[in-house]
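Visitor: File my_file_29.cif below, mmCIF, C-alpha atoms:
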```
data_run
loop_
_atom_site.label_atom_id
_atom_site.label_comp_id
_atom_site.auth_asym_id
_atom_site.auth_seq_id
_atom_site.Cartn_x
_atom_site.Cartn_y
_atom_site.Cartn_z
CA MET E 30 26.09 127.72 92.89
CA ALA E 31 25.82 131.15 91.44
CA THR E 32 25.69 131.81 87.70
CA ASP E 33 29.04 133.65 87.86
CA ASP E 34 30.70 130.56 89.43
CA ILE E 35 29.34 128.31 86.64
CA LYS E 36 30.68 130.69 83.94
CA ARG E 37 34.07 130.84 85.66
CA ASN E 38 34.30 127.01 85.82
CA ALA E 39 33.30 126.75 82.14
CA GLU E 40 36.02 129.24 81.15
CA LEU E 41 38.62 127.26 83.12
CA SER E 42 37.71 124.00 81.37
CA HIS E 43 37.84 125.57 77.85
CA PRO E 44 40.69 128.11 78.03
CA SER E 45 41.40 128.03 74.26
CA GLY E 46 38.14 129.50 73.19
CA GLY E 47 35.21 127.16 73.60
CA TYR E 48 33.61 124.09 72.15
CA GLY E 49 35.41 122.46 69.20
CA SER E 50 38.66 124.38 69.55
CA GLY E 51 40.50 121.13 70.39
CA PHE E 52 39.49 119.76 67.00
CA PHE E 53 40.97 122.78 65.23
CA GLU E 54 44.17 122.49 67.25
CA TRP E 55 44.53 118.85 66.13
CA LEU E 56 43.76 119.87 62.55
CA ARG E 57 46.48 122.51 62.70
CA VAL E 58 49.00 119.99 64.12
CA PHE E 59 48.05 117.49 61.38
CA PHE E 60 48.49 120.15 58.68
CA VAL E 61 51.94 121.12 60.02
CA ALA E 62 52.95 117.43 60.14
CA VAL E 63 51.87 116.93 56.52
CA VAL E 64 53.85 119.98 55.40
CA ILE E 65 56.97 118.87 57.31
CA SER E 66 56.74 115.32 55.93
CA GLY E 67 56.35 116.74 52.42
CA VAL E 68 59.50 118.83 52.82
CA ILE E 69 61.43 115.84 54.21
CA ASN E 70 60.16 113.61 51.38
CA THR E 71 61.19 116.16 48.78
CA ALA E 72 64.60 117.02 50.23
CA LEU E 73 65.91 113.90 51.95
CA PHE E 74 64.28 110.71 50.70
CA GLN E 75 61.58 109.31 48.52
CA ILE E 76 59.73 106.02 48.25
CA VAL E 77 59.64 104.99 44.58
CA LEU E 78 57.47 102.35 42.93
CA VAL E 79 59.51 100.39 40.36
CA GLU E 80 57.22 99.52 37.46
CA GLN E 81 59.79 98.13 35.05
CA ILE E 82 61.50 94.76 34.63
CA SER E 83 64.90 96.12 33.58
CA MET E 84 66.41 95.63 37.06
CA ARG E 85 65.28 92.02 37.50
CA PRO E 86 66.26 89.93 39.38
CA THR E 87 67.60 92.58 41.79
CA ILE E 88 64.41 94.68 41.83
CA GLU E 89 61.15 93.14 40.63
CA SER E 90 58.32 95.14 39.05
CA GLY E 91 55.87 96.29 41.73
CA THR E 92 58.60 96.77 44.34
CA ARG E 93 58.80 99.98 46.36
CA VAL E 94 62.29 101.17 47.18
CA TYR E 95 63.69 103.81 49.55
CA VAL E 96 65.74 106.36 47.62
CA SER E 97 68.13 108.60 49.54
CA ARG E 98 68.17 112.04 47.94
CA CYS E 99 71.05 113.12 50.19
CA ALA E 100 73.35 110.09 49.70
CA TYR E 101 75.59 112.00 47.32
CA TRP E 102 75.82 115.14 49.45
CA PHE E 103 78.67 113.54 51.39
CA ASP E 104 79.83 110.71 49.12
CA ASP E 105 80.59 110.23 45.44
CA VAL E 106 78.72 108.01 43.02
CA GLN E 107 80.38 104.57 42.97
CA CYS E 108 80.32 101.75 40.44
CA GLY E 109 77.68 99.27 41.54
CA ASP E 110 75.37 101.91 43.04
CA ILE E 111 71.73 101.59 42.03
CA VAL E 112 70.42 105.05 41.21
CA VAL E 113 67.19 106.68 40.18
CA PHE E 114 67.72 109.29 37.49
CA PHE E 115 65.50 111.55 35.40
CA ASN E 116 65.67 111.22 31.63
CA PRO E 117 64.65 114.54 30.03
CA ALA E 118 64.17 112.89 26.62
CA ASP E 119 61.01 111.08 27.74
CA GLU E 120 60.49 112.77 31.14
CA TYR E 121 60.61 109.50 33.10
CA ASN E 122 62.63 108.35 36.07
CA TYR E 123 64.80 105.29 35.48
CA VAL E 124 66.29 102.84 37.98
CA LYS E 125 69.69 101.52 36.84
CA ARG E 126 73.07 100.36 38.12
CA VAL E 127 76.16 102.57 37.69
CA ILE E 128 78.74 100.64 35.65
CA GLY E 129 81.13 103.40 34.55
CA LEU E 130 82.44 106.59 36.12
CA PRO E 131 83.77 109.67 34.29
CA GLY E 132 86.78 108.72 32.16
CA ASP E 133 86.14 104.95 32.32
CA GLU E 134 86.27 102.91 29.14
CA ILE E 135 83.36 100.50 28.87
CA LEU E 136 83.38 97.59 26.44
CA ILE E 137 80.66 94.98 25.94
CA LEU E 138 81.92 92.03 23.93
CA ASN E 139 80.90 88.36 23.73
CA GLY E 140 78.41 88.70 26.59
CA GLN E 141 80.97 90.24 28.97
CA VAL E 142 81.14 93.82 30.25
CA TYR E 143 84.63 95.28 30.72
CA ARG E 144 85.58 98.45 32.61
CA ASN E 145 89.01 99.79 31.75
CA GLY E 146 89.96 96.40 30.27
CA THR E 147 88.92 94.39 33.34
CA PRO E 148 85.95 92.02 33.05
CA LEU E 149 83.24 92.76 35.61
CA THR E 150 81.98 90.09 37.98
CA GLU E 151 78.23 90.63 37.92
CA PRO E 152 76.29 88.05 39.95
CA TYR E 153 73.24 90.36 39.89
CA ILE E 154 72.49 90.21 36.12
CA ALA E 155 69.63 88.16 34.70
CA GLU E 156 71.62 86.83 31.71
CA ILE E 157 74.73 87.63 29.71
CA THR E 158 74.72 90.95 27.87
CA ASP E 159 73.86 90.72 24.16
CA GLY E 160 75.53 92.83 21.49
CA GLU E 161 78.72 94.81 21.26
CA TYR E 162 79.23 98.29 22.62
CA SER E 163 82.17 100.57 23.38
CA ILE E 164 82.34 104.02 24.98
CA LYS E 165 84.63 106.28 26.97
CA VAL E 166 82.43 107.84 29.66
CA PRO E 167 82.55 111.65 29.29
CA GLU E 168 83.68 113.83 32.19
CA GLY E 169 80.86 114.61 34.61
CA LYS E 170 78.77 111.66 33.37
CA TYR E 171 78.01 108.07 34.39
CA PHE E 172 77.34 104.95 32.34
CA CYS E 173 74.36 102.96 33.69
CA LEU E 174 72.89 99.58 32.78
CA GLY E 175 69.88 97.62 33.96
CA ASP E 176 70.49 94.23 35.57
CA ASN E 177 68.11 92.66 33.02
CA ARG E 178 70.38 93.91 30.23
CA ASN E 179 68.66 92.48 27.19
CA VAL E 180 65.36 94.27 27.87
CA SER E 181 66.81 97.40 29.51
CA THR E 182 66.70 100.89 28.04
CA ASP E 183 69.84 102.38 29.54
CA SER E 184 73.04 104.30 28.70
CA ARG E 185 73.50 102.22 25.52
CA ASP E 186 70.36 103.84 24.11
CA GLU E 187 70.70 107.22 22.34
CA GLN E 188 67.56 108.49 24.13
CA VAL E 189 69.23 107.93 27.52
CA GLY E 190 73.00 108.05 27.04
CA CYS E 191 75.42 108.68 29.86
CA ILE E 192 73.78 110.53 32.72
CA ALA E 193 74.89 113.73 34.45
CA ASP E 194 75.01 114.43 38.19
CA SER E 195 72.09 116.81 37.76
CA GLN E 196 69.89 113.95 36.48
CA ILE E 197 70.42 111.76 39.55
CA VAL E 198 67.40 111.80 41.86
CA GLY E 199 69.05 109.61 44.48
CA LYS E 200 70.59 106.31 45.50
CA VAL E 201 68.42 103.23 46.04
CA MET E 202 69.12 102.09 49.60
CA PHE E 203 66.62 99.30 50.33
CA ARG E 204 63.35 97.64 49.39
CA VAL E 205 60.42 98.64 51.60
CA PHE E 206 57.59 96.72 49.90
CA PRO E 207 56.49 93.94 49.73
CA TRP E 208 56.56 94.04 53.54
CA GLY E 209 57.85 90.53 54.15
CA LYS E 210 60.76 91.06 51.78
CA ILE E 211 62.46 94.20 53.13
CA LYS E 212 66.05 94.15 51.93
CA GLU E 213 69.06 96.45 51.96
CA TYR E 214 70.89 96.91 48.66
CA LYS E 215 74.63 96.67 49.29
CA HIS E 216 76.58 98.48 46.63
#
```
Before we go any further, please render this structure as structure tokens.

Guide:
Amino acid sequence: MATDDIKRNAELSHPSGGYGSGFFEWLRVFFVAVVISGVINTALFQIVLVEQISMRPTIESGTRVYVSRCAYWFDDVQCGDIVVFFNPADEYNYVKRVIGLPGDEILILNGQVYRNGTPLTEPYIAEITDGEYSIKVPEGKYFCLGDNRNVSTDSRDEQVGCIADSQIVGKVMFRVFPWGKIKEYKH
């Protein structure tokens, strides 16, 4: 075989530029995939680690949940939804259950929560709700409580208060970790 034939065969087997170029192609594909997944994670959904006990027994500390950032693009916030929201007072995200919508009157009395005069059936709470509280939810805001009411920092607290649409990060859809306990949260 002539030297020219060997060079021609080598060029045919490495058309993209020589030794190692396949590695750089894979690196470029990996980089693009990371960027796309970052955009999707930021815009559409997020996996959140819950490190608080205020949503027990529904969501235990150490649980990772799938949060849909786009759930409220096509639907309104509903009572019973579990949401993640940002509290600017302490710059933390909170996970709580929506109890009152704009204009609702919320009353907590003798361990019972009432919305517009009707007692709520709440099989998800850890224990009856201590204390007394009354509020008319302002327009454009939501009243949220933790399921573990007596240890929860929520809309009853002045540092949190009723939350605005702009504070809502997304709707908790299901538990993704621990692996053996994947569960959808029906609202």

Visitor: Excluding range 181-194 of chain E and residues on its chain fewer than 2 positions from it, collect all residues at most 9 Å away from it, counting only C-alpha atoms, and give them as a ChimeraX atom specification.

Guide: /E:81-84,106,114-119,123,125,162,166-167,169-179,196-198

Visitor: One number please: CA of Gly199 in chain E to CA of Tyr143 in chain E, in Å, one decimal.

Guide: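 So the two atoms, CA of Gly199 in chain E and CA of Tyr143 in chain E, lie 25.2 Å apart.
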
Visitor: Let me make sure I understand: among E:Phe52, E:Phe74, E:Phe59, E:Phe203, which one has the smallest atom-to-atom distance to Ala100 in chain E if we use only C-alpha atoms?

Guide: E:Phe74

Visitor: For each of E:Val124, E:Pro131, E:Lys200, E:Thr87, take the minimum atom-to-atom distance to Leu73 in chain E, counting all atoms listed in the file, then give the residue where this is smallest.

Guide: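 Under the stated criterion, the closest residue is E:Lys200.
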
Visitor: Applying the PyMOL selection byres ((chain E and resi 133-136) around 6) to the file I just gave you, which residues come out? Please list them as a list in words.

Guide: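 Matching residues under the PyMOL selection byres ((chain E and resi 133-136) around 6) are Gly129, Leu130, Pro131, Gly132, Ile137, Val142, Tyr143, Arg144, Asn145, Tyr162, Ser163, Ile164, Lys165 and Val166 of chain E.
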
Visitor: Quick one, how far is CA of Val77 in chain E from CA of Tyr153 in chain E?

Guide: 20.5 Å

Visitor: Please, what distance in Å, to one decimal, runs between CA of Val205 in chain E and CA of Glu80 in chain E?

Guide: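 Computing the Euclidean distance for CA of Val205 in chain E and CA of Glu80 in chain E yields 14.5 Å.
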